[in-house]
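S.K.: Structure file input02.csv, CSV, C-alpha atoms, is pasted below:
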chain,number,residue,atom,x,y,z
L,1340,MET,CA,-62.1,-10.9,16.4
L,1341,LYS,CA,-58.9,-12.1,14.7
L,1342,ASN,CA,-57.7,-15.7,15.1
L,1343,ARG,CA,-54.8,-18.0,14.1
L,1344,LEU,CA,-57.1,-20.9,13.1
L,1345,ARG,CA,-55.9,-21.1,9.5
L,1346,ILE,CA,-52.2,-21.0,10.5
L,1347,LEU,CA,-52.6,-23.6,13.2
L,1348,ARG,CA,-54.7,-25.8,10.9
L,1349,ALA,CA,-52.0,-25.6,8.2
L,1350,GLU,CA,-49.3,-26.5,10.7
L,1351,LEU,CA,-51.1,-29.7,11.5
L,1352,ASP,CA,-52.0,-30.3,7.8
L,1353,TRP,CA,-55.7,-30.5,8.6
L,1354,SER,CA,-58.4,-29.7,6.1
L,1355,GLN,CA,-61.3,-27.4,7.1
L,1356,ALA,CA,-63.5,-30.5,7.0
L,1357,GLU,CA,-61.2,-32.4,9.3
L,1358,LEU,CA,-61.2,-29.5,11.8
L,1359,ALA,CA,-65.0,-29.3,11.5
L,1360,ASP,CA,-65.2,-33.0,12.4
L,1361,ARG,CA,-62.9,-32.6,15.3
L,1362,VAL,CA,-65.0,-29.9,16.9
L,1363,GLY,CA,-68.4,-31.0,15.7
L,1364,VAL,CA,-69.4,-28.1,13.5
L,1365,ALA,CA,-70.2,-27.6,9.8
L,1366,ARG,CA,-67.3,-26.7,7.4
L,1367,GLN,CA,-69.1,-23.4,6.7
L,1368,THR,CA,-68.7,-22.5,10.3
L,1369,ILE,CA,-64.9,-23.1,10.1
L,1370,ILE,CA,-64.8,-21.0,7.0
L,1371,ALA,CA,-66.6,-18.1,8.8
L,1372,LEU,CA,-64.4,-18.4,11.8
L,1373,GLU,CA,-61.2,-18.4,9.7
L,1374,ALA,CA,-62.4,-15.3,7.8
L,1375,GLY,CA,-63.0,-13.6,11.1
L,1376,LYS,CA,-66.7,-13.2,10.2
L,1377,TYR,CA,-67.9,-15.0,13.2
L,1378,ALA,CA,-66.8,-15.0,16.9
L,1379,PRO,CA,-67.4,-18.4,18.5
L,1380,SER,CA,-69.2,-19.0,21.7
L,1381,LEU,CA,-67.0,-20.0,24.8
L,1382,PRO,CA,-67.8,-23.7,24.5
L,1383,LEU,CA,-66.7,-23.7,20.8
L,1384,ALA,CA,-63.6,-21.7,21.6
L,1385,PHE,CA,-62.7,-24.3,24.2
L,1386,LYS,CA,-63.3,-27.1,21.8
L,1387,LEU,CA,-61.0,-25.5,19.3
L,1388,SER,CA,-58.4,-24.9,22.1
L,1389,ARG,CA,-58.6,-28.6,23.0
L,1390,ALA,CA,-58.3,-29.6,19.3
L,1391,PHE,CA,-55.1,-27.6,18.9
L,1392,SER,CA,-53.9,-28.2,22.4
L,1393,LYS,CA,-53.3,-24.5,22.8
L,1394,PRO,CA,-54.9,-22.0,25.2
L,1395,VAL,CA,-57.8,-19.9,23.8
L,1396,GLU,CA,-55.7,-16.7,23.9
L,1397,GLU,CA,-53.1,-18.2,21.6
L,1398,ILE,CA,-55.9,-18.9,19.0
L,1399,PHE,CA,-58.1,-15.9,19.3
L,1400,ILE,CA,-56.8,-12.3,19.3
L,1401,PRO,CA,-59.3,-9.7,20.5
L,1402,GLU,CA,-59.7,-6.4,18.7
L,1403,PRO,CA,-58.2,-3.5,20.7
L,1404,PHE,CA,-60.8,-1.5,22.6
L,1405,ASP,CA,-61.6,2.0,21.4
E,1257,MET,CA,-64.5,-35.1,3.7
E,1258,GLU,CA,-66.7,-34.5,6.7
E,1259,SER,CA,-67.5,-37.8,8.6
E,1260,HIS,CA,-70.8,-39.3,9.6
E,1261,SER,CA,-69.9,-38.7,13.3
E,1262,ASN,CA,-70.1,-34.9,12.9
E,1263,PRO,CA,-73.3,-33.8,14.6
E,1264,ALA,CA,-73.6,-30.7,12.4
E,1265,VAL,CA,-73.3,-32.7,9.2
E,1266,ASN,CA,-75.7,-35.3,10.4
E,1267,ALA,CA,-78.2,-32.6,11.4
E,1268,CYS,CA,-78.0,-31.1,7.9
E,1269,ARG,CA,-78.5,-34.5,6.2
E,1270,CYS,CA,-81.4,-35.3,8.5
E,1271,TYR,CA,-82.9,-31.9,7.8
E,1272,TYR,CA,-82.8,-32.3,4.0
E,1273,TRP,CA,-84.2,-35.8,4.2
E,1274,HIS,CA,-87.1,-34.9,6.7
E,1275,PHE,CA,-87.8,-31.6,5.0
E,1276,GLY,CA,-87.9,-33.2,1.5
E,1277,ALA,CA,-90.1,-36.1,2.7
E,1278,SER,CA,-92.5,-33.7,4.5
E,1279,ILE,CA,-92.8,-31.4,1.4
E,1280,SER,CA,-93.5,-34.5,-0.8
E,1281,ALA,CA,-96.1,-35.7,1.7
E,1282,TYR,CA,-97.6,-32.2,1.7
E,1283,VAL,CA,-98.0,-32.2,-2.1
E,1284,ILE,CA,-99.6,-35.7,-2.1
E,1285,VAL,CA,-101.9,-34.9,0.8
E,1286,ILE,CA,-103.0,-31.5,-0.7
E,1287,PHE,CA,-104.1,-33.2,-3.9
E,1288,PHE,CA,-105.7,-36.1,-2.0
E,1289,SER,CA,-107.5,-33.7,0.3
E,1290,ARG,CA,-108.9,-31.6,-2.7
E,1291,TRP,CA,-110.1,-34.8,-4.4
E,1292,LEU,CA,-111.7,-36.2,-1.2
E,1293,TRP,CA,-113.3,-32.8,-0.3
E,1294,HIS,CA,-115.8,-33.1,-3.2
E,1295,SER,CA,-116.9,-36.6,-2.0
E,1296,VAL,CA,-117.7,-35.8,1.6
E,1297,ASN,CA,-120.3,-33.6,3.2
E,1298,GLY,CA,-121.0,-31.7,6.5
E,1299,PRO,CA,-118.3,-31.4,9.2
E,1300,TRP,CA,-116.1,-34.0,7.4
E,1301,ARG,CA,-115.4,-31.3,4.7
E,1302,THR,CA,-113.6,-29.2,7.3
E,1303,VAL,CA,-111.6,-32.2,8.6
E,1304,VAL,CA,-110.6,-33.1,5.0
E,1305,ALA,CA,-109.7,-29.5,4.2
E,1306,LEU,CA,-107.4,-29.5,7.2
E,1307,LEU,CA,-105.6,-32.7,6.3
E,1308,PRO,CA,-102.6,-31.0,4.7
E,1309,ILE,CA,-101.8,-29.5,8.2
E,1310,ILE,CA,-100.4,-32.9,9.2
E,1311,PRO,CA,-97.4,-32.8,6.8
E,1312,VAL,CA,-97.0,-29.1,7.6
E,1313,ILE,CA,-96.5,-30.0,11.2
E,1314,PHE,CA,-93.8,-32.5,10.1
E,1315,ILE,CA,-92.2,-29.6,8.1
E,1316,PHE,CA,-92.2,-27.4,11.2
E,1317,ALA,CA,-90.8,-30.3,13.3
E,1318,SER,CA,-87.9,-30.9,10.8
E,1319,VAL,CA,-86.9,-27.2,11.1
E,1320,VAL,CA,-87.1,-27.4,15.0
E,1321,ARG,CA,-85.1,-30.6,14.9
E,1322,PHE,CA,-82.4,-29.0,12.7
E,1323,LEU,CA,-82.3,-26.0,15.0
E,1324,LEU,CA,-81.7,-28.2,18.0
E,1325,ALA,CA,-79.1,-30.5,16.4
E,1326,THR,CA,-77.0,-28.1,14.3
E,1327,ASP,CA,-74.0,-26.0,15.3
E,1328,GLU,CA,-74.2,-22.5,16.8
E,1329,LEU,CA,-73.5,-20.6,13.6
E,1330,GLN,CA,-76.0,-22.5,11.4
E,1331,ARG,CA,-78.6,-22.1,14.2
E,1332,GLN,CA,-77.8,-18.3,14.3
E,1333,ILE,CA,-78.3,-18.1,10.5
E,1334,VAL,CA,-81.7,-19.8,10.6
E,1335,VAL,CA,-82.9,-17.9,13.6
E,1336,ASN,CA,-81.8,-14.5,12.2
E,1337,SER,CA,-83.3,-15.2,8.8
E,1338,LEU,CA,-86.6,-16.3,10.5
E,1339,ALA,CA,-86.6,-13.1,12.6
E,1340,LEU,CA,-86.0,-10.9,9.5
E,1341,ALA,CA,-88.7,-12.8,7.5
E,1342,GLY,CA,-91.2,-12.5,10.4
E,1343,GLY,CA,-90.5,-8.7,10.7
E,1344,ALA,CA,-90.8,-8.1,7.0
E,1345,THR,CA,-94.0,-10.1,6.8
E,1346,ALA,CA,-95.5,-8.2,9.8
E,1347,LEU,CA,-94.5,-4.9,8.2
E,1348,LEU,CA,-96.1,-5.8,4.9
E,1349,ALA,CA,-99.2,-7.2,6.6
E,1350,VAL,CA,-99.7,-4.1,8.6
E,1351,THR,CA,-99.1,-1.8,5.6
E,1352,TYR,CA,-101.6,-3.8,3.5
E,1353,GLY,CA,-104.1,-3.9,6.4
E,1354,LEU,CA,-104.0,-0.1,6.5
E,1355,LEU,CA,-104.3,0.1,2.7
E,1356,GLU,CA,-107.4,-2.2,3.0
E,1357,CYS,CA,-109.0,0.6,5.1
E,1358,ASP,CA,-108.3,2.9,2.2
E,1359,GLY,CA,-110.2,0.7,-0.2
E,1360,LEU,CA,-107.8,-2.0,-1.5
E,1361,PRO,CA,-109.4,-5.4,-1.9
E,1362,ARG,CA,-109.2,-8.0,0.9
E,1363,LEU,CA,-106.5,-10.6,0.3
E,1364,SER,CA,-106.5,-14.3,1.2
E,1365,ALA,CA,-104.5,-15.2,4.3
E,1366,TRP,CA,-102.4,-17.4,2.0
E,1367,TRP,CA,-100.6,-14.3,0.9
E,1368,THR,CA,-99.2,-13.9,4.4
E,1369,TYR,CA,-97.8,-17.4,4.2
E,1370,ALA,CA,-96.4,-16.8,0.7
E,1371,VAL,CA,-94.7,-13.5,1.8
E,1372,PHE,CA,-93.2,-15.1,4.9
E,1373,MET,CA,-91.7,-18.1,3.0
E,1374,SER,CA,-90.4,-15.8,0.2
E,1375,SER,CA,-88.9,-13.4,2.8
E,1376,TRP,CA,-87.3,-16.4,4.6
E,1377,ILE,CA,-85.6,-17.5,1.5
E,1378,VAL,CA,-84.3,-14.0,0.6
E,1379,ALA,CA,-83.3,-13.3,4.3
E,1380,ALA,CA,-81.5,-16.7,4.6
E,1381,TYR,CA,-79.4,-15.9,1.4
E,1382,PHE,CA,-78.3,-12.5,2.8
E,1383,VAL,CA,-77.7,-13.6,6.3
E,1384,ARG,CA,-75.6,-16.6,5.1
E,1385,ARG,CA,-73.6,-14.3,2.8
E,1386,ARG,CA,-72.6,-12.2,5.8
E,1387,TYR,CA,-70.6,-15.1,7.2
E,1388,GLN,CA,-68.8,-16.1,3.9
How does the structure come out when it is put into C-alpha coordinates?

M.R.:
Amino acid sequence: MKNRLRILRAELDWSQAELADRVGVARQTIIALEAGKYAPSLPLAFKLSRAFSKPVEEIFIPEPFD
Amino acid sequence: MESHSNPAVNACRCYYWHFGASISAYVIVIFFSRWLWHSVNGPWRTVVALLPIIPVIFIFASVVRFLLATDELQRQIVVNSLALAGGATALLAVTYGLLECDGLPRLSAWWTYAVFMSSWIVAAYFVRRRYQ
(Lines of atoms letter the chains of each structure in order from A and count residues from 1; the text may use other names and numbers.)
(Lines give C-alpha, C1' and ligand atoms only; values in the text may rest on other atoms or scores of the structure.)
Protein backbone atom coordinates (compact mmCIF):
# COMPACT_ATOMS: atom_id res chain seq x y z
CA MET A 1 0.00 0.00 0.00
CA LYS A 2 1.34 3.42 -0.99
CA ASN A 3 1.07 6.42 1.29
CA ARG A 4 1.80 10.14 1.52
CA LEU A 5 3.38 10.00 4.98
CA ARG A 6 6.76 11.35 3.91
CA ILE A 7 5.18 14.29 2.05
CA LEU A 8 2.78 15.15 4.87
CA ARG A 9 5.57 14.90 7.43
CA ALA A 10 7.80 17.17 5.33
CA GLU A 11 4.98 19.73 5.02
CA LEU A 12 4.80 19.96 8.81
CA ASP A 13 8.59 19.81 9.15
CA TRP A 14 8.37 16.82 11.49
CA SER A 15 11.21 14.34 11.85
CA GLN A 16 10.48 10.60 11.73
CA ALA A 17 11.17 10.46 15.48
CA GLU A 18 8.68 13.26 16.12
CA LEU A 19 5.96 11.51 14.14
CA ALA A 20 6.82 8.25 15.94
CA ASP A 21 6.32 10.01 19.28
CA ARG A 22 3.02 11.51 18.20
CA VAL A 23 1.53 8.14 17.27
CA GLY A 24 3.39 6.06 19.90
CA VAL A 25 5.45 3.76 17.68
CA ALA A 26 9.17 3.12 17.14
CA ARG A 27 10.99 5.21 14.49
CA GLN A 28 11.71 1.96 12.62
CA THR A 29 7.95 1.54 12.21
CA ILE A 30 7.65 4.99 10.60
CA ILE A 31 10.57 4.11 8.29
CA ALA A 32 8.82 0.87 7.24
CA LEU A 33 5.50 2.68 6.72
CA GLU A 34 7.06 5.44 4.60
CA ALA A 35 8.91 2.88 2.49
CA GLY A 36 5.61 1.10 1.86
CA LYS A 37 7.04 -2.07 3.38
CA TYR A 38 4.36 -2.29 6.04
CA ALA A 39 0.61 -1.66 5.93
CA PRO A 40 -0.61 -0.38 9.30
CA SER A 41 -3.51 -1.73 11.33
CA LEU A 42 -6.71 0.32 11.39
CA PRO A 43 -5.99 1.77 14.87
CA LEU A 44 -2.53 2.97 13.74
CA ALA A 45 -3.95 4.35 10.48
CA PHE A 46 -6.49 6.36 12.49
CA LYS A 47 -3.77 7.59 14.86
CA LEU A 48 -1.81 8.84 11.83
CA SER A 49 -4.97 10.38 10.42
CA ARG A 50 -5.49 12.23 13.72
CA ALA A 51 -1.84 13.32 13.85
CA PHE A 52 -2.04 14.88 10.37
CA SER A 53 -5.68 16.00 10.74
CA LYS A 54 -6.46 14.33 7.44
CA PRO A 55 -8.81 11.47 6.54
CA VAL A 56 -7.20 8.04 6.21
CA GLU A 57 -7.88 7.89 2.46
CA GLU A 58 -5.83 11.07 1.96
CA ILE A 59 -2.83 9.42 3.61
CA PHE A 60 -3.01 5.86 2.30
CA ILE A 61 -3.50 4.92 -1.33
CA PRO A 62 -4.54 1.30 -1.86
CA GLU A 63 -2.96 -0.68 -4.70
CA PRO A 64 -5.39 -1.23 -7.62
CA PHE A 65 -7.07 -4.64 -7.54
CA ASP A 66 -6.03 -7.17 -10.16
CA MET B 1 14.92 12.44 19.31
CA GLU B 2 12.22 10.09 20.51
CA SER B 3 10.78 11.11 23.88
CA HIS B 4 10.38 9.16 27.11
CA SER B 5 6.58 9.25 26.70
CA ASN B 6 6.67 7.08 23.57
CA PRO B 7 5.43 3.63 24.71
CA ALA B 8 7.31 1.80 21.93
CA VAL B 9 10.60 3.45 22.89
CA ASN B 10 9.99 2.79 26.59
CA ALA B 11 9.17 -0.86 25.83
CA CYS B 12 12.45 -1.20 23.95
CA ARG B 13 14.49 0.41 26.76
CA CYS B 14 12.79 -1.74 29.42
CA TYR B 15 13.35 -4.84 27.31
CA TYR B 16 17.09 -4.21 26.92
CA TRP B 17 17.43 -3.48 30.64
CA HIS B 18 15.38 -6.47 31.85
CA PHE B 19 16.88 -8.83 29.27
CA GLY B 20 20.44 -7.73 30.10
CA ALA B 21 19.85 -7.99 33.85
CA SER B 22 18.24 -11.45 33.48
CA ILE B 23 21.10 -12.74 31.29
CA SER B 24 23.65 -11.44 33.82
CA ALA B 25 21.71 -13.11 36.64
CA TYR B 26 21.63 -16.33 34.59
CA VAL B 27 25.42 -16.35 34.19
CA ILE B 28 25.95 -15.72 37.92
CA VAL B 29 23.37 -18.34 38.99
CA ILE B 30 24.72 -20.99 36.61
CA PHE B 31 28.23 -20.68 38.09
CA PHE B 32 26.83 -20.57 41.64
CA SER B 33 24.64 -23.61 40.95
CA ARG B 34 27.58 -25.61 39.50
CA TRP B 35 29.71 -24.70 42.52
CA LEU B 36 26.96 -25.54 45.04
CA TRP B 37 25.99 -28.78 43.26
CA HIS B 38 29.22 -30.45 44.43
CA SER B 39 28.53 -29.50 48.06
CA VAL B 40 25.02 -30.96 48.42
CA ASN B 41 23.62 -34.47 48.27
CA GLY B 42 20.35 -36.27 47.60
CA PRO B 43 17.27 -34.45 46.25
CA TRP B 44 18.90 -31.07 46.93
CA ARG B 45 21.22 -31.73 43.98
CA THR B 46 18.21 -31.65 41.63
CA VAL B 47 16.95 -28.44 43.24
CA VAL B 48 20.39 -26.82 42.92
CA ALA B 49 20.76 -28.03 39.31
CA LEU B 50 17.45 -26.36 38.48
CA LEU B 51 18.32 -23.01 40.08
CA PRO B 52 19.28 -21.33 36.72
CA ILE B 53 15.65 -21.81 35.65
CA ILE B 54 14.72 -18.81 37.85
CA PRO B 55 16.62 -16.21 35.74
CA VAL B 56 15.49 -18.05 32.58
CA ILE B 57 11.88 -17.38 33.67
CA PHE B 58 12.82 -13.69 34.00
CA ILE B 59 14.32 -13.75 30.47
CA PHE B 60 11.06 -15.24 29.16
CA ALA B 61 9.05 -12.64 31.12
CA SER B 62 11.11 -9.80 29.60
CA VAL B 63 10.30 -11.04 26.06
CA VAL B 64 6.58 -11.35 26.92
CA ARG B 65 6.57 -7.87 28.51
CA PHE B 66 8.22 -6.44 25.38
CA LEU B 67 5.66 -8.15 23.15
CA LEU B 68 2.79 -6.68 25.15
CA ALA B 69 4.22 -3.15 25.37
CA THR B 70 5.80 -2.54 21.96
CA ASP B 71 4.13 -1.33 18.75
CA GLU B 72 2.46 -3.57 16.19
CA LEU B 73 5.34 -3.82 13.70
CA GLN B 74 7.98 -4.62 16.32
CA ARG B 75 5.58 -7.25 17.79
CA GLN B 76 5.07 -8.72 14.31
CA ILE B 77 8.84 -8.92 13.77
CA VAL B 78 9.40 -10.75 17.08
CA VAL B 79 6.44 -13.12 16.60
CA ASN B 80 7.39 -13.93 12.98
CA SER B 81 11.02 -14.57 13.88
CA LEU B 82 9.97 -16.79 16.84
CA ALA B 83 7.65 -18.74 14.55
CA LEU B 84 10.39 -19.23 11.93
CA ALA B 85 12.91 -20.25 14.61
CA GLY B 86 10.40 -22.71 16.13
CA GLY B 87 9.68 -24.22 12.70
CA ALA B 88 13.36 -24.52 11.80
CA THR B 89 14.16 -26.10 15.18
CA ALA B 90 11.29 -28.60 14.87
CA LEU B 91 12.43 -29.51 11.33
CA LEU B 92 16.03 -30.04 12.45
CA ALA B 93 14.95 -31.96 15.58
CA VAL B 94 12.73 -34.32 13.56
CA THR B 95 15.44 -34.79 10.91
CA TYR B 96 18.07 -35.60 13.52
CA GLY B 97 15.60 -37.81 15.42
CA LEU B 98 15.12 -39.86 12.24
CA LEU B 99 18.89 -40.01 11.69
CA GLU B 100 19.29 -41.28 15.28
CA CYS B 101 17.19 -44.27 14.22
CA ASP B 102 19.78 -44.72 11.47
CA GLY B 103 22.63 -44.93 13.98
CA LEU B 104 23.72 -41.36 14.65
CA PRO B 105 24.66 -40.67 18.31
CA ARG B 106 22.08 -39.35 20.77
CA LEU B 107 22.52 -35.62 21.36
CA SER B 108 21.92 -33.64 24.52
CA ALA B 109 18.62 -31.69 24.72
CA TRP B 110 20.80 -28.56 25.04
CA TRP B 111 21.32 -28.73 21.27
CA THR B 112 17.62 -28.03 20.69
CA TYR B 113 17.91 -24.90 22.82
CA ALA B 114 21.10 -23.80 21.04
CA VAL B 115 19.54 -24.37 17.60
CA PHE B 116 16.37 -22.48 18.60
CA MET B 117 18.26 -19.46 19.94
CA SER B 118 20.61 -19.35 16.92
CA SER B 119 17.67 -19.69 14.50
CA TRP B 120 15.86 -16.89 16.35
CA ILE B 121 18.81 -14.52 15.89
CA VAL B 122 19.13 -15.37 12.17
CA ALA B 123 15.34 -15.21 11.60
CA ALA B 124 15.07 -11.85 13.44
CA TYR B 125 17.80 -10.41 11.17
CA PHE B 126 16.02 -11.47 7.97
CA VAL B 127 12.50 -10.59 9.16
CA ARG B 128 13.67 -7.12 10.29
CA ARG B 129 15.41 -6.59 6.92
CA ARG B 130 12.10 -7.15 5.12
CA TYR B 131 10.74 -3.95 6.64
CA GLN B 132 13.76 -1.71 6.01

S.K.: Which residues are close to Ser1289 in chain E, i.e. within 9 Å by only C-alpha atoms, leaving aside same-chain residues fewer than 2 positions away? Reply as number ranges by chain.

M.R.: E: 1284-1287, 1291-1293, 1304-1308

S.K.: Where does chain L meet chain E within 12 Å, residue by residue, with the nearest atom pair and distance in Å to one decimal for each, counting all atoms listed in the file, listed by chain and rising number, as a tab-separated table?

M.R.:
residue	atom	partner	partner_atom	distance
L:Trp1353	CA	E:Met1257	CA	11.1
L:Ser1354	CA	E:Met1257	CA	8.5
L:Gln1355	CA	E:Glu1258	CA	8.9
L:Ala1356	CA	E:Glu1258	CA	5.1
L:Glu1357	CA	E:Glu1258	CA	6.4
L:Leu1358	CA	E:Glu1258	CA	9.0
L:Ala1359	CA	E:Glu1258	CA	7.3
L:Asp1360	CA	E:Asn1262	CA	5.3
L:Arg1361	CA	E:Asn1262	CA	7.9
L:Val1362	CA	E:Asn1262	CA	8.2
L:Gly1363	CA	E:Asn1262	CA	5.1
L:Val1364	CA	E:Ala1264	CA	5.1
L:Ala1365	CA	E:Ala1264	CA	5.3
L:Arg1366	CA	E:Glu1258	CA	7.9
L:Gln1367	CA	E:Gln1388	CA	7.8
L:Thr1368	CA	E:Leu1329	CA	6.1
L:Ile1369	CA	E:Leu1329	CA	9.6
L:Ile1370	CA	E:Gln1388	CA	7.0
L:Ala1371	CA	E:Tyr1387	CA	5.2
L:Leu1372	CA	E:Tyr1387	CA	8.4
L:Glu1373	CA	E:Gln1388	CA	9.8
L:Ala1374	CA	E:Gln1388	CA	7.5
L:Gly1375	CA	E:Tyr1387	CA	8.7
L:Lys1376	CA	E:Tyr1387	CA	5.3
L:Tyr1377	CA	E:Tyr1387	CA	6.6
L:Ala1378	CA	E:Leu1329	CA	9.3
L:Pro1379	CA	E:Glu1328	CA	8.1
L:Ser1380	CA	E:Glu1328	CA	7.8
L:Leu1381	CA	E:Glu1328	CA	11.0
L:Pro1382	CA	E:Glu1328	CA	10.1
L:Leu1383	CA	E:Glu1328	CA	8.6
L:Ala1384	CA	E:Glu1328	CA	11.7

S.K.: Within 12 Å of range 1348-1354 of chain E, counting all atoms listed in the file, which residues show up once you throw out same-chain ones fewer than 4 positions away? Write them as a list in words, please.

M.R.: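 With the cut-off at 12 Å, the set is Ala1341, Gly1342, Gly1343, Ala1344, Asp1358, Gly1359, Leu1360, Pro1361, Arg1362, Leu1363, Ser1364, Ala1365, Trp1366, Trp1367, Thr1368, Tyr1369, Ala1370, Val1371, Phe1372 and Ser1375 of chain E.
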
S.K.: For CA of Asn1342 in chain L and CA of Ala1380 in chain E, quote the distance in Å rounded to one decimal.

M.R.: 26.0 Å

S.K.: Work out how far apart CA of Tyr1271 in chain E and CA of Val1312 in chain E are and give it in Å to one decimal.

M.R.: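 Result for CA of Tyr1271 in chain E versus CA of Val1312 in chain E: 14.4 Å, one decimal.
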
S.K.: One decimal, Å: what's the distance from CA of Phe1322 in chain E over to CA of Ile1310 in chain E, could you say?

M.R.: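 One can read the CA of Phe1322 in chain E to CA of Ile1310 in chain E distance as 18.7 Å.
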
S.K.: With only C-alpha atoms as the basis for distance, which of E:Ile1333, E:Leu1355, E:Leu1347, E:Cys1270 is at the shortest distance from Ala1317 in chain E?

M.R.: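 The closest residue to Ala1317 in chain E is E:Cys1270.
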
S.K.: Would you list the contacts of Leu1323 in chain E as a short mmCIF file (atom, residue, chain, number, x, y, z; two decimals) with C-alpha atoms, in the frame of the given file, taking every protein, DNA or RNA residue within 8 Å and counting only C-alpha atoms, but skipping same-chain residues closer than 4 positions in sequence?

M.R.:
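Output (selection_26.cif):
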data_model
loop_
_atom_site.label_atom_id
_atom_site.label_comp_id
_atom_site.auth_asym_id
_atom_site.auth_seq_id
_atom_site.Cartn_x
_atom_site.Cartn_y
_atom_site.Cartn_z
CA VAL E 1319 -86.90 -27.20 11.10
CA ARG E 1331 -78.60 -22.10 14.20
CA VAL E 1334 -81.70 -19.80 10.60
#

S.K.: May I have the centre and edge lengths, in Å to one decimal, of an axis-aligned box around the listed atoms of range 1363-1376 of chain L with 5 Å added to every side, as AutoDock Vina command-line options?

M.R.:
--center_x -65.7 --center_y -22.1 --center_z 11.2 --size_x 19.0 --size_y 27.8 --size_z 19.0

S.K.: Which one is closest to Pro1401 in chain L: L:Leu1351, L:Ile1346, L:Met1340, L:Arg1389? Count only C-alpha atoms.

M.R.: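 When distances to Pro1401 in chain L are compared using only C-alpha atoms, the smallest one comes from L:Met1340.
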